[in-house]
Amino acid sequence: MSEKTTKHALIMEGGAMRGLFTCGVIDVFMEEDITFEAAIGISAGAVFGSNYKSRQIGRPLRYNTTYCRDKRYCSLESLIKTGDLYGVDFCYRELPEELDIFDKQAFRENPMKFYVGATDAETGEAVYHLCTDGEKTDMDWMRASASMPMVSRPVEIDGKKLLDGGIADSVPYKFMESLGYTRNVIILTQPQGYWKKDYPYMTVVKAVLKKYPAIAKAMKERPFVYNTQMAGIEEREKNGEAFVIRPPQDLQIGKVEKDPEELKRVYQIGREEALRVLPAMKEFLAK
């Protein structure tokens with residue numbers, strides 16, 4: 001068997017608070033000591049998924065349930081005052097450095113490569129970053145990956161203005177395949193058969209994003225791109241080239257959720273689904 005066919009990666013879709021499903025899945029993985037050579041996260045899959053590399057079981061659930069009602073974390077007030085629905089200083093400095101500390105040492109020492117994807121606001125193209133130390137540049141990329149258009153300012157990194165990675169590449173399995181990871185576990189946050197519909201308010205989107213027409217164009221094209229990705233994933237799943245974990249039904253949770261019990265509910269669904277498929281996934285990874 002060639003080196004290429006034995007390289008496994010974990011790929012995590014975003015989806016705002018649907019990402020608590022992913023948190024439940026990866027916590028089971030960590031409890032079972034399941035490892036990958038590489039992982040990539042998009043949007044919430046990047047921010048929450050980074051805890052897989054730092055090996056911090058339960059951390060995203062803990063801080064989300066603790067601070068989901070805190071105006072500093074996520075609020076209309078923050079959006080009006082700063083242009084960011086999620087408070088940048090609180091979410092990406094105070095929270096990981098003081099309140100619920102992100103283990104940068106464990107992140108550095110874990111040999112698993114961890115990538116995040118974002119969208120270039122001026123070109124509408126997907127861009128990727130290999131996180132290495134969990135310091136400011138890595139955090140900025142995670143923030144960029146999770147910066148939803150229209151409710152977030154673009155994040156400026158190395159001369160680029162970046163927004164939510166899901167705009168251009170919601171599930172970056174082709175990117176990981178291009179790096180040689182050809183037998184991958186993919187965590188989706190929508191159930192089997194979900195197909196994204198066209199945005200109903202593109203006139204408003206174009207007006208709000210008039211400075212970034214490439215983003216508006218990418219958003220208009222996103223349903224077609226996403227649905228094409230889902231078809232590609234299902235084909236790989238059918239052929240035994242990918243192992244897909246997805247919610248058994250619509251998670252019925254909004255992008256912003258203020259009820260800790262709802263967050264716990266979605267997290268628990270992720271745990272239960274991970275435990276259900278665990279034997280089959282271990283068999284997949286052994287090949």
# chains A, B, ... in the order shown; residues from 1 in each chain; ligands from 1

$ closest_atom_pairs --of "range 94-198 of chain A" --to "range 70-78 of chain A" --cutoff "12 Å" --atoms "only C-alpha atoms" --output "CSV"
residue,atom,partner,partner_atom,distance
A:Glu94,CA,A:Arg72,CA,10.1
A:Leu95,CA,A:Tyr73,CA,8.9
A:Val151,CA,A:Leu76,CA,9.4
A:Ser152,CA,A:Ser78,CA,10.2
A:Arg153,CA,A:Ser78,CA,11.8

$ write_last_selection --atoms "all heavy atoms" --output "short mmCIF file (atom, residue, chain, number, x, y, z; two decimals), in the first residue's frame"
data_model
loop_
_atom_site.label_atom_id
_atom_site.label_comp_id
_atom_site.auth_asym_id
_atom_site.auth_seq_id
_atom_site.Cartn_x
_atom_site.Cartn_y
_atom_site.Cartn_z
N GLU A 94 -9.55 37.46 25.52
CA GLU A 94 -9.89 37.27 26.93
C GLU A 94 -10.33 35.84 27.24
O GLU A 94 -9.88 35.24 28.22
CB GLU A 94 -10.99 38.25 27.34
CG GLU A 94 -11.30 38.22 28.83
CD GLU A 94 -12.27 39.31 29.26
OE1 GLU A 94 -12.65 40.16 28.41
OE2 GLU A 94 -12.66 39.30 30.44
N LEU A 95 -11.18 35.29 26.40
CA LEU A 95 -11.68 33.94 26.64
C LEU A 95 -10.57 32.88 26.58
O LEU A 95 -10.37 32.13 27.55
CB LEU A 95 -12.80 33.61 25.65
CG LEU A 95 -13.45 32.23 25.74
CD1 LEU A 95 -13.97 31.95 27.14
CD2 LEU A 95 -14.58 32.13 24.73
N VAL A 151 -22.25 40.23 9.07
CA VAL A 151 -22.26 40.47 10.52
C VAL A 151 -20.85 40.43 11.10
O VAL A 151 -20.67 40.32 12.31
CB VAL A 151 -23.17 39.46 11.26
CG1 VAL A 151 -24.62 39.67 10.89
CG2 VAL A 151 -22.73 38.03 11.01
N SER A 152 -19.85 40.51 10.22
CA SER A 152 -18.45 40.52 10.66
C SER A 152 -17.64 41.41 9.73
O SER A 152 -17.92 41.50 8.53
CB SER A 152 -17.84 39.11 10.62
OG SER A 152 -18.62 38.19 11.34
N ARG A 153 -16.63 42.03 10.28
CA ARG A 153 -15.67 42.75 9.45
C ARG A 153 -14.66 41.76 8.87
O ARG A 153 -14.31 40.78 9.54
CB ARG A 153 -14.92 43.79 10.28
CG ARG A 153 -15.76 44.93 10.81
CD ARG A 153 -14.98 45.76 11.81
NE ARG A 153 -14.63 44.97 13.00
CZ ARG A 153 -13.78 45.37 13.94
NH1 ARG A 153 -13.16 46.53 13.84
NH2 ARG A 153 -13.53 44.59 14.98
#

$ residues_around --residues "Ala216 in chain A" --least-positions-apart "4" --cutoff "10 Å" --atoms "only C-alpha atoms" --output "list in words"
Ala121, Gly124, Pro149, Ile167, Met202, Thr203, Val204, Val205, Lys206, Ala207, Val208, Leu209, Lys210, Lys211, Tyr212, Lys220, Glu221 and Arg222 of chain A

$ residues_around --residues "Ser43 in chain A" --least-positions-apart "4" --cutoff "7 Å" --atoms "only C-alpha atoms" --output "list in words"
Gly14, Val47, Ser145, Ala146, Asp164, Gly165 and Gly166 of chain A

$ residues_around --residues "Gln268 in chain A" --least-positions-apart "6" --cutoff "9 Å" --atoms "only C-alpha atoms" --output "list in words"
Leu20, Phe21, Gly24 and Val25 of chain A

$ closest_residue --among "A:Glu32, A:Ser50, A:Thr65, A:Ala38" --to "Lys258 in chain A" --atoms "only C-alpha atoms"
A:Thr65

$ closest_residue --among "A:Ile215, A:Ile34, A:Leu61, A:Ile40" --to "Ala286 in chain A" --atoms "only C-alpha atoms"
A:Ile34

$ atom_distance --atom1 "CA of Tyr173 in chain A" --atom2 "CA of Glu13 in chain A"
9.9 Å

$ select_by_dssp --residues "range 30-257 of chain A" --states "strand (DSSP E or B)" --output "NGL selection string"
:A and (38-42 or 74 or 86 or 113-120 or 126-131 or 155-157 or 160-164 or 184-187 or 242-245)

$ write_last_selection --atoms "N, CA, C and O atoms" --output "tab-separated table (two decimals), in the first residue's frame"
chain	number	residue	atom	x	y	z
A	38	ALA	N	-3.65	14.63	10.00
A	38	ALA	CA	-3.98	16.03	9.76
A	38	ALA	C	-5.47	16.24	9.99
A	38	ALA	O	-6.27	15.30	9.99
A	39	ALA	N	-5.83	17.50	10.18
A	39	ALA	CA	-7.23	17.89	10.30
A	39	ALA	C	-7.39	19.27	9.68
A	39	ALA	O	-6.44	20.05	9.60
A	40	ILE	N	-8.61	19.56	9.25
A	40	ILE	CA	-8.92	20.90	8.75
A	40	ILE	C	-10.31	21.27	9.22
A	40	ILE	O	-11.22	20.43	9.28
A	41	GLY	N	-10.47	22.53	9.60
A	41	GLY	CA	-11.77	23.02	10.04
A	41	GLY	C	-12.15	24.28	9.29
A	41	GLY	O	-11.30	25.08	8.91
A	42	ILE	N	-13.44	24.43	9.06
A	42	ILE	CA	-13.98	25.61	8.41
A	42	ILE	C	-14.94	26.29	9.37
A	42	ILE	O	-15.83	25.63	9.93
A	74	CYS	N	-21.41	37.46	22.24
A	74	CYS	CA	-22.18	37.57	20.99
A	74	CYS	C	-23.42	38.41	21.27
A	74	CYS	O	-24.23	38.05	22.13
A	86	TYR	N	-19.83	38.67	16.95
A	86	TYR	CA	-19.07	38.03	18.03
A	86	TYR	C	-17.93	38.97	18.43
A	86	TYR	O	-17.13	39.39	17.59
A	113	LYS	N	-1.12	17.86	11.95
A	113	LYS	CA	-1.21	19.14	11.26
A	113	LYS	C	-2.65	19.63	11.32
A	113	LYS	O	-3.58	18.85	11.17
A	114	PHE	N	-2.80	20.95	11.54
A	114	PHE	CA	-4.14	21.51	11.64
A	114	PHE	C	-4.26	22.72	10.72
A	114	PHE	O	-3.56	23.72	10.88
A	115	TYR	N	-5.16	22.61	9.74
A	115	TYR	CA	-5.38	23.66	8.76
A	115	TYR	C	-6.73	24.34	9.01
A	115	TYR	O	-7.66	23.72	9.54
A	116	VAL	N	-6.81	25.60	8.63
A	116	VAL	CA	-8.11	26.28	8.59
A	116	VAL	C	-8.27	26.91	7.21
A	116	VAL	O	-7.29	27.25	6.55
A	117	GLY	N	-9.52	27.06	6.81
A	117	GLY	CA	-9.80	27.68	5.52
A	117	GLY	C	-10.60	28.96	5.69
A	117	GLY	O	-11.45	29.05	6.58
A	118	ALA	N	-10.30	29.95	4.87
A	118	ALA	CA	-11.03	31.21	4.87
A	118	ALA	C	-11.31	31.59	3.41
A	118	ALA	O	-10.89	30.90	2.48
A	119	THR	N	-12.03	32.69	3.23
A	119	THR	CA	-12.33	33.18	1.88
A	119	THR	C	-11.74	34.57	1.70
A	119	THR	O	-11.96	35.45	2.54
A	120	ASP	N	-10.98	34.75	0.64
A	120	ASP	CA	-10.41	36.06	0.32
A	120	ASP	C	-11.55	36.99	-0.11
A	120	ASP	O	-12.22	36.74	-1.11
A	126	ALA	N	-10.99	30.55	-2.06
A	126	ALA	CA	-10.62	29.91	-0.81
A	126	ALA	C	-9.11	30.02	-0.59
A	126	ALA	O	-8.31	29.89	-1.53
A	127	VAL	N	-8.73	30.27	0.65
A	127	VAL	CA	-7.32	30.30	1.05
A	127	VAL	C	-7.19	29.48	2.34
A	127	VAL	O	-8.15	29.37	3.11
A	128	TYR	N	-5.99	28.92	2.56
A	128	TYR	CA	-5.81	27.98	3.66
A	128	TYR	C	-4.55	28.34	4.45
A	128	TYR	O	-3.61	28.91	3.92
A	129	HIS	N	-4.56	27.94	5.71
A	129	HIS	CA	-3.43	28.25	6.59
A	129	HIS	C	-3.14	27.05	7.48
A	129	HIS	O	-4.06	26.44	8.05
A	130	LEU	N	-1.87	26.71	7.61
A	130	LEU	CA	-1.43	25.66	8.52
A	130	LEU	C	-1.12	26.29	9.87
A	130	LEU	O	-0.20	27.09	10.00
A	131	CYS	N	-1.92	25.96	10.88
A	131	CYS	CA	-1.71	26.49	12.23
A	131	CYS	C	-0.61	25.69	12.92
A	131	CYS	O	-0.60	24.46	12.84
A	155	VAL	N	-11.16	40.14	8.22
A	155	VAL	CA	-9.96	40.06	9.05
A	155	VAL	C	-8.75	40.25	8.16
A	155	VAL	O	-8.58	39.51	7.18
A	156	GLU	N	-7.92	41.23	8.47
A	156	GLU	CA	-6.75	41.52	7.64
A	156	GLU	C	-5.54	40.73	8.13
A	156	GLU	O	-5.12	40.89	9.28
A	157	ILE	N	-5.00	39.90	7.25
A	157	ILE	CA	-3.82	39.08	7.56
A	157	ILE	C	-2.89	39.10	6.36
A	157	ILE	O	-3.31	38.74	5.25
A	160	LYS	N	-4.12	40.46	3.11
A	160	LYS	CA	-5.38	39.92	2.60
A	160	LYS	C	-6.52	40.26	3.56
A	160	LYS	O	-6.32	40.36	4.77
A	161	LYS	N	-7.71	40.44	3.01
A	161	LYS	CA	-8.91	40.63	3.81
A	161	LYS	C	-9.73	39.35	3.70
A	161	LYS	O	-10.13	38.95	2.61
A	162	LEU	N	-9.95	38.70	4.85
A	162	LEU	CA	-10.52	37.36	4.86
A	162	LEU	C	-11.85	37.31	5.59
A	162	LEU	O	-12.07	38.02	6.57
A	163	LEU	N	-12.72	36.41	5.09
A	163	LEU	CA	-14.02	36.16	5.72
A	163	LEU	C	-14.25	34.65	5.81
A	163	LEU	O	-13.39	33.85	5.44
A	164	ASP	N	-15.44	34.31	6.26
A	164	ASP	CA	-15.86	32.93	6.51
A	164	ASP	C	-15.41	31.94	5.43
A	164	ASP	O	-15.71	32.11	4.25
A	184	ASN	N	-10.39	9.88	4.25
A	184	ASN	CA	-10.68	10.90	5.25
A	184	ASN	C	-12.00	10.68	5.97
A	184	ASN	O	-12.95	10.14	5.40
A	185	VAL	N	-12.02	11.12	7.22
A	185	VAL	CA	-13.26	11.16	7.99
A	185	VAL	C	-13.82	12.57	7.87
A	185	VAL	O	-13.11	13.55	8.15
A	186	ILE	N	-15.06	12.70	7.47
A	186	ILE	CA	-15.69	14.01	7.24
A	186	ILE	C	-16.86	14.17	8.20
A	186	ILE	O	-17.77	13.34	8.22
A	187	ILE	N	-16.81	15.23	9.01
A	187	ILE	CA	-17.92	15.52	9.91
A	187	ILE	C	-18.75	16.64	9.29
A	187	ILE	O	-18.28	17.76	9.10
A	242	ALA	N	-14.20	7.65	1.78
A	242	ALA	CA	-14.38	8.59	2.88
A	242	ALA	C	-15.38	8.01	3.86
A	242	ALA	O	-16.27	7.24	3.48
A	243	PHE	N	-15.21	8.38	5.12
A	243	PHE	CA	-16.16	7.97	6.16
A	243	PHE	C	-16.85	9.22	6.65
A	243	PHE	O	-16.20	10.16	7.13
A	244	VAL	N	-18.17	9.28	6.51
A	244	VAL	CA	-18.91	10.51	6.79
A	244	VAL	C	-19.75	10.34	8.06
A	244	VAL	O	-20.47	9.36	8.22
A	245	ILE	N	-19.63	11.32	8.94
A	245	ILE	CA	-20.45	11.37	10.15
A	245	ILE	C	-21.32	12.61	10.03
A	245	ILE	O	-20.82	13.72	9.85
